[in-house]
Each structure stands twice: as C-alpha cells, then as structure tokens.
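Source file: input_25.txt; contents: compact mmCIF, C-alpha atoms.
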```txt
# COMPACT_ATOMS: atom_id res chain seq x y z
CA MET A 1356 -49.39 -23.24 -105.78
CA ARG A 1357 -50.08 -19.58 -104.98
CA ARG A 1358 -50.77 -20.48 -101.35
CA ARG A 1359 -47.54 -22.40 -101.13
CA ALA A 1360 -45.61 -19.56 -102.73
CA ALA A 1361 -47.22 -17.05 -100.39
CA SER A 1362 -46.53 -19.29 -97.43
CA ALA A 1363 -42.90 -19.71 -98.47
CA ALA A 1364 -42.55 -15.97 -98.98
CA GLY A 1365 -44.03 -15.33 -95.55
CA GLY A 1366 -41.71 -17.89 -94.03
CA ASN A 1367 -38.69 -16.28 -95.63
CA ALA A 1368 -39.77 -12.85 -94.46
CA GLY A 1369 -40.35 -14.14 -90.94
CA GLY A 1370 -36.98 -15.85 -90.93
CA TRP A 1371 -35.31 -12.67 -92.14
CA LEU A 1372 -36.98 -10.62 -89.42
CA ARG A 1373 -36.03 -13.15 -86.78
CA SER A 1374 -32.40 -13.04 -87.98
CA LYS A 1375 -32.34 -9.22 -87.81
CA SER A 1376 -33.91 -9.28 -84.37
CA GLU A 1377 -31.44 -11.86 -83.09
CA LEU A 1378 -28.53 -9.90 -84.53
CA TYR A 1379 -29.75 -6.72 -82.82
CA ILE A 1380 -30.10 -8.54 -79.49
CA LEU A 1381 -26.58 -9.91 -79.85
CA LYS A 1382 -25.18 -6.43 -80.49
CA VAL A 1383 -26.97 -4.95 -77.49
CA SER A 1384 -25.85 -7.82 -75.32
CA TYR A 1385 -22.27 -7.38 -76.44
CA LEU A 1386 -22.30 -3.65 -75.75
CA TRP A 1387 -23.85 -4.24 -72.32
CA TYR A 1388 -21.15 -6.78 -71.54
CA ILE A 1389 -18.38 -4.32 -72.50
CA VAL A 1390 -19.84 -1.52 -70.37
CA MET A 1391 -20.42 -3.71 -67.33
CA SER A 1392 -17.04 -5.39 -67.52
CA SER A 1393 -15.29 -2.01 -67.56
CA MET A 1394 -16.98 -0.90 -64.34
CA PRO A 1395 -15.18 -1.70 -61.05
CA LYS A 1396 -16.83 -4.48 -59.18
CA LYS A 1397 -17.87 -3.90 -55.59
CA SER A 1398 -16.01 -6.96 -54.49
CA GLN A 1399 -12.81 -5.68 -56.12
CA ALA A 1400 -13.19 -2.26 -54.49
CA ALA A 1401 -13.78 -3.90 -51.15
CA GLU A 1402 -10.66 -6.02 -51.58
CA LYS A 1403 -8.59 -2.85 -52.12
CA ARG A 1404 -9.72 -1.29 -48.84
CA VAL A 1405 -7.10 -1.69 -46.15
CA ARG A 1406 -8.11 -1.60 -42.51
CA LEU A 1407 -6.01 1.00 -40.72
CA SER A 1408 -4.61 0.52 -37.26
CA ARG A 1409 -5.72 2.95 -34.57
CA GLU A 1410 -2.47 4.91 -34.87
CA GLN A 1411 -2.74 5.06 -38.66
CA ARG A 1412 -6.35 6.20 -38.46
CA LEU A 1413 -5.37 8.93 -36.00
CA SER A 1414 -2.64 10.14 -38.35
CA GLN A 1415 -5.12 10.20 -41.24
CA LEU A 1416 -7.71 12.15 -39.26
CA LEU A 1417 -5.15 14.71 -38.08
CA GLU A 1418 -3.89 15.19 -41.63
CA VAL A 1419 -7.43 15.80 -42.88
CA ALA A 1420 -8.08 18.16 -39.95
CA ARG A 1421 -4.93 20.16 -40.75
CA ARG A 1422 -6.03 20.46 -44.36
CA LEU A 1423 -9.46 21.69 -43.34
CA VAL A 1424 -8.00 24.36 -41.05
CA ARG A 1425 -5.49 25.38 -43.71
CA ASP A 1426 -8.08 25.62 -46.49
CA GLU A 1427 -11.18 26.86 -44.67
CA GLY A 1428 -10.15 28.06 -41.22
CA THR A 1429 -10.65 26.68 -37.74
CA ASP A 1430 -14.37 27.48 -37.64
CA ALA A 1431 -14.97 24.92 -40.39
CA LEU A 1432 -13.44 22.13 -38.33
CA THR A 1433 -16.10 20.06 -36.58
CA LEU A 1434 -16.19 16.37 -35.80
CA PRO A 1435 -19.02 15.59 -38.27
CA ARG A 1436 -17.25 17.58 -41.00
CA LEU A 1437 -14.00 15.76 -40.29
CA ALA A 1438 -15.77 12.40 -40.59
CA GLU A 1439 -17.25 13.46 -43.92
CA GLN A 1440 -13.94 14.68 -45.33
CA ALA A 1441 -12.03 11.63 -44.09
CA GLY A 1442 -14.61 9.21 -45.47
CA VAL A 1443 -15.29 7.49 -42.15
CA ALA A 1444 -18.32 7.06 -39.91
CA LYS A 1445 -18.91 9.68 -37.23
CA PRO A 1446 -18.39 7.21 -34.34
CA VAL A 1447 -14.82 6.65 -35.57
CA VAL A 1448 -14.01 10.34 -35.17
CA TYR A 1449 -15.78 10.63 -31.82
CA ASP A 1450 -13.92 7.56 -30.58
CA HIS A 1451 -10.61 9.31 -31.22
CA PHE A 1452 -11.38 12.85 -30.02
CA ARG A 1453 -14.74 12.83 -28.13
CA THR A 1454 -15.13 16.63 -28.41
CA ARG A 1455 -14.09 19.45 -30.74
CA ASN A 1456 -11.72 20.75 -28.07
CA GLY A 1457 -10.23 17.26 -27.89
CA LEU A 1458 -9.59 17.38 -31.64
CA LEU A 1459 -8.01 20.84 -31.47
CA THR A 1460 -5.84 19.77 -28.54
CA ALA A 1461 -4.70 16.71 -30.49
CA LEU A 1462 -3.72 18.99 -33.38
CA TYR A 1463 -1.63 21.12 -31.03
CA GLN A 1464 0.00 18.03 -29.50
CA ASP A 1465 0.83 16.78 -32.98
CA PHE A 1466 2.41 20.16 -33.77
CA ASP A 1467 4.48 19.98 -30.57
CA ALA A 1468 5.71 16.50 -31.44
CA ARG A 1469 6.71 17.58 -34.96
CA GLN A 1470 8.49 20.66 -33.69
CA THR A 1471 10.37 18.73 -31.00
CA ALA A 1472 11.49 16.07 -33.48
CA LEU A 1473 12.65 18.73 -35.95
CA ILE A 1474 14.68 20.63 -33.35
CA ASP A 1475 16.20 17.47 -31.87
CA ALA A 1476 17.29 16.21 -35.30
CA ALA A 1477 18.78 19.57 -36.23
CA LEU A 1478 20.66 19.92 -32.93
CA GLU A 1479 22.05 16.40 -33.18
CA GLY A 1480 23.60 17.16 -36.56
CA SER A 1481 24.93 20.62 -35.68
CA ALA A 1482 28.44 21.73 -34.72
CA PRO A 1483 29.25 22.08 -31.00
CA GLY A 1484 29.74 25.89 -30.84
CA LEU A 1485 27.32 28.38 -29.28
CA GLU A 1486 26.66 30.14 -32.57
CA GLU A 1487 25.72 26.89 -34.25
CA LYS A 1488 23.43 25.73 -31.43
CA ALA A 1489 21.71 29.11 -31.15
CA SER A 1490 21.23 29.23 -34.92
CA VAL A 1491 19.71 25.75 -34.99
CA ILE A 1492 17.26 26.50 -32.17
CA ALA A 1493 16.17 29.75 -33.82
CA SER A 1494 15.88 28.35 -37.34
CA SER A 1495 14.11 25.14 -36.33
CA TYR A 1496 11.54 26.91 -34.19
CA VAL A 1497 10.65 29.48 -36.83
CA GLU A 1498 10.62 26.97 -39.69
CA CYS A 1499 8.31 24.59 -37.86
CA VAL A 1500 5.79 27.35 -37.13
CA LEU A 1501 5.93 28.51 -40.74
CA ALA A 1502 5.43 24.96 -41.99
CA GLN A 1503 2.13 24.85 -40.10
CA GLY A 1504 0.95 28.07 -41.77
CA ARG A 1505 -2.32 29.36 -40.31
CA GLU A 1506 -3.15 26.09 -38.63
CA ILE A 1507 -1.61 26.49 -35.20
CA PRO A 1508 -2.50 30.19 -34.62
CA GLY A 1509 -6.08 29.29 -35.50
CA VAL A 1510 -6.05 26.28 -33.18
CA LEU A 1511 -4.62 28.34 -30.33
CA ALA A 1512 -7.24 31.03 -30.86
CA ALA A 1513 -10.05 28.46 -30.87
CA LEU A 1514 -8.74 26.85 -27.68
CA ALA A 1515 -7.98 30.10 -25.83
CA GLY A 1516 -8.90 29.72 -22.18
CA SER A 1517 -9.70 26.01 -22.39
CA PRO A 1518 -8.23 23.82 -19.62
CA GLU A 1519 -7.18 21.21 -22.20
CA LEU A 1520 -4.93 23.67 -23.99
CA GLU A 1521 -3.48 25.21 -20.87
CA THR A 1522 -2.29 21.84 -19.58
CA VAL A 1523 -0.85 20.65 -22.90
CA LYS A 1524 0.75 23.97 -23.75
CA ARG A 1525 2.34 24.37 -20.32
CA ASP A 1526 3.84 20.88 -20.49
CA TYR A 1527 5.29 21.62 -23.93
CA GLN A 1528 6.71 24.99 -22.85
CA LEU A 1529 8.45 23.49 -19.83
CA ASP A 1530 9.81 20.65 -21.94
CA PHE A 1531 11.15 23.06 -24.59
CA ILE A 1532 12.82 25.25 -21.95
CA GLU A 1533 14.48 22.22 -20.39
CA ARG A 1534 15.74 21.01 -23.77
CA CYS A 1535 17.24 24.43 -24.52
CA ARG A 1536 18.83 24.56 -21.07
CA LYS A 1537 20.58 21.21 -21.64
CA VAL A 1538 21.86 22.32 -25.05
CA LEU A 1539 23.09 25.70 -23.82
CA VAL A 1540 24.45 24.70 -20.40
CA PRO A 1541 28.08 24.31 -21.66
CA PHE A 1542 28.06 28.01 -22.61
CA ILE A 1543 26.34 29.44 -19.53
CA GLY A 1544 28.66 31.59 -17.43
CA PRO A 1545 29.09 31.94 -13.66
CA ARG A 1546 26.12 34.28 -13.30
CA GLY A 1547 23.85 31.59 -14.64
CA ILE A 1548 20.46 32.08 -16.31
CA MET A 1549 17.33 32.37 -14.25
CA GLN A 1550 14.10 30.69 -15.33
CA ALA A 1551 12.76 34.09 -16.34
CA GLY A 1552 15.46 34.33 -19.00
CA PHE A 1553 14.34 31.10 -20.67
CA TRP A 1554 10.69 32.18 -20.52
CA ALA A 1555 11.70 35.44 -22.20
CA MET A 1556 13.49 33.44 -24.91
CA LEU A 1557 10.39 31.27 -25.46
CA GLY A 1558 8.15 34.32 -25.60
CA ALA A 1559 10.39 35.86 -28.24
CA ALA A 1560 10.36 32.61 -30.22
CA ASP A 1561 6.54 32.47 -30.24
CA THR A 1562 6.06 36.15 -31.05
CA LEU A 1563 8.65 36.29 -33.82
CA SER A 1564 7.50 33.03 -35.42
CA ASN A 1565 3.86 34.09 -35.44
CA ALA A 1566 4.78 37.50 -36.87
CA ALA A 1567 6.64 35.74 -39.68
CA ALA A 1568 3.67 33.42 -40.26
CA THR A 1569 1.30 36.37 -40.68
CA GLY A 1570 3.74 38.28 -42.91
CA GLU A 1571 4.47 41.10 -40.45
CA ILE A 1572 8.17 40.30 -40.73
CA THR A 1573 10.21 37.96 -42.91
CA ALA A 1574 11.24 34.50 -41.83
CA GLN A 1575 14.90 35.54 -41.96
CA GLN A 1576 14.22 38.50 -39.69
CA ALA A 1577 12.49 36.20 -37.22
CA ARG A 1578 15.40 33.74 -37.26
CA ASP A 1579 18.03 36.46 -36.89
CA GLU A 1580 16.26 38.20 -34.00
CA LEU A 1581 15.67 34.96 -32.11
CA TYR A 1582 19.32 33.99 -32.65
CA GLU A 1583 20.44 37.33 -31.21
CA THR A 1584 18.13 36.88 -28.24
CA ILE A 1585 19.63 33.48 -27.40
CA VAL A 1586 23.23 34.65 -27.78
CA ALA A 1587 22.57 37.78 -25.69
CA MET A 1588 21.11 35.64 -22.92
CA ILE A 1589 24.26 33.52 -22.83
CA THR A 1590 26.53 36.59 -23.05
CA ARG A 1591 24.87 38.17 -19.99
CA SER A 1592 25.52 35.04 -17.97
CA ASN A 1593 29.26 35.37 -18.61
CA ARG A 1594 29.64 39.00 -17.48
```

Mind turning the file's structure into structure tokens?
Amino acid sequence: MRRRAASAAGGNAGGWLRSKSELYILKVSYLWYIVMSSMPKKSQAAEKRVRLSREQRLSQLLEVARRLVRDEGTDALTLPRLAEQAGVAKPVVYDHFRTRNGLLTALYQDFDARQTALIDAALEGSAPGLEEKASVIASSYVECVLAQGREIPGVLAALAGSPELETVKRDYQLDFIERCRKVLVPFIGPRGIMQAGFWAMLGAADTLSNAAATGEITAQQARDELYETIVAMITRSNR
C-alpha cells in the first residue's frame, strides 16, 4: 500500500511538473509568435520596393547630391558617398555620371534647366511692358540662385577650369542671352544693343545673385540693381 501511495504521489508530482513545463513552453511560444509576427517580413519589404526608371533614378541621385553639397559642402560629394547616401550600389552611380566631374556637371545642368523653366514660366505670365519684363528677368534669376543656396557656387568652384564646365556653362550663357534678347527686342531702340551689352547684363546677374546668396547684399538689393541694369541697357538703345 505504501509503495502504491508513493508511486501515486510521484505520478501526481510528475504530472504537475509536466503541466507547468508545458504551460511555460506555451507562453514562450506565444510571446515568440507575437514578436516575430510584428517584424516586417523580407518578402513584404521586397514587394514595397519600386524599380525606378533611369530618369527617376537620375532625379533621385541629383537630389541626394544637392543635399550632400548643401549640408556638408562640395568636398564631401564623391561617387561612393553618393551611392551610400542614396542607398544604391556603386555601379549605379558610376553608370549615370562616370566621374566626379561628370556628377558636378550634371548638377550644374540641372540648375540651368530649373532656372530656365522658372524664368520662362514667369515671363509667360507677366504683363507686356518693359518694366514688367525687366522685373521678371531680374527677380527670377536672383530667386533661382538663392533657392540653390551654397550648392551652385560650390559646384562652380569645384569645376573651375574643367572642360566639362566650360562647355556646359557657355552653352547656357548663350541660351540665356538669346532668350533675353527675344523678350526685350520689342523695346530695343534704333541704336540697338551689341552683344557686349547682354554679356554685361549676364555678368551683373551672376555677380549680384551670388552676392545675395553669400549675404553680402540683400535679395531685394540684387533684384533692384539687376532691374536697373536691364532698363538702362534698353534706355541707351533708344537715345
């Protein structure tokens, strides 16, 4: 009888321990399930990735490059660093720009395109008078440079003397002069305006805008002085 009682007691104890152990395992399993189910699955993350077109990827890379220049300066902008910040493989960046000068040139070209679009849109919506056209040219040019902050002066400094920049910059300058000529031609007098006059206007636009960007003068002062330069050029042609 004692052996049976002892055996029964041992069986009950063993059963109780097994129940506790099973309960503990169930709790741990449940907690593990909750933690794992709350974590994003790799397959779900992969499904959310969208493959960008070449144009979209270029826009993304240029945006990241502008941010790097704005936050850390032009010296921090390298192709490997751009790949790291953009979250892409290095070959992707090299496929788009090939060299650091190629990247800096692309940034300048992007700036030119933005500035041209801004000026064209502003001119299209402006009144037909000389004062209005001159004001739009002056304001748009200065505002676009200011919107770029330290980016473009830094890019120009880094590319100084490079053949890539000289070609791109010269093409943009000639295009800007021709656009201004077409806008201002209805107001040009019998004396006309020589090419030197338009180059002087462009030089004033660059100098005043950069001075405003560095805080040497205010943006309003830059706009007003450039406006006066354009109007004076037209006035001389009518004397």

Pick from A:Asn1593, A:Glu1427, A:Ile1507, A:Gln1415 nearest to A:Pro1545, counting only C-alpha atoms: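 Among A:Asn1593, A:Glu1427, A:Ile1507, A:Gln1415, it is A:Asn1593 that comes nearest to A:Pro1545.
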
Distance atom CA of A:Glu1533-atom CA of A:Thr1573, one decimal place?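 Computing it gives 27.8 Å between the two atoms.
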
All residues 10 Å or closer to A:Pro1508, all atoms listed in the file, same chain fewer than 3 positions away omitted, as a list in words: Thr1429, Tyr1463, Val1500, Gln1503, Gly1504, Arg1505, Leu1511, Ala1512, Ala1513, Leu1514, Asn1565, Ala1568 and Thr1569 of chain A

Please identify all polymer residues lying at most 8 Å from the point (-4.3, 22.0, -33.6) (file coordinates), using all atoms listed in the file, and present the result as a list in words.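 Residues with an atom close enough to that point: Arg1421, Leu1458, Leu1459, Thr1460, Ala1461, Leu1462, Tyr1463, Gln1464, Asp1465, Phe1466, Glu1506, Ile1507, Gly1509, Val1510 and Leu1511 of chain A.
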
Tell me which residues come within 6 Å of (10.0, 30.1, -35.2), as a PyMOL selection string, counting all atoms listed in the file in the file's coordinates. chain A and resi 1496-1498+1500+1560+1564

Among listed residues A:Ala1468, A:Leu1432, A:Ala1438, A:Thr1590, nearest A:Lys1524 (using only C-alpha atoms): A:Ala1468

So what do you get for atom CA of A:His1451 versus atom CA of A:Ser1408, distance-wise?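 Those two atoms sit 12.2 Å apart.
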
For the atom pair atom CA of A:Ala1555 and atom CA of A:Arg1425, what is the interatomic distance in Å to one decimal place?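 Calculated distance between atom CA of A:Ala1555 and atom CA of A:Arg1425 is 29.3 Å.
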
Using only C-alpha atoms, determine which residues lie at most 12 Å from A:Leu1529, disregarding the query and same-chain residues fewer than 6 positions distant; provide the list as a count of residues only. 10

Minimum-distance residue to A:Val1540, chosen among A:Leu1473, A:Ala1577, A:Leu1417, A:Leu1485 (using only C-alpha atoms):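 Answer, going by the shortest atom-to-atom distance: A:Leu1485.
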
Find the residue from A:Gln1575, A:Gln1528, A:Thr1433, A:Gln1440 that sits nearest to A:Ser1495; use all atoms listed in the file when measuring.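 Distance minimum relative to A:Ser1495 lands on A:Gln1575.
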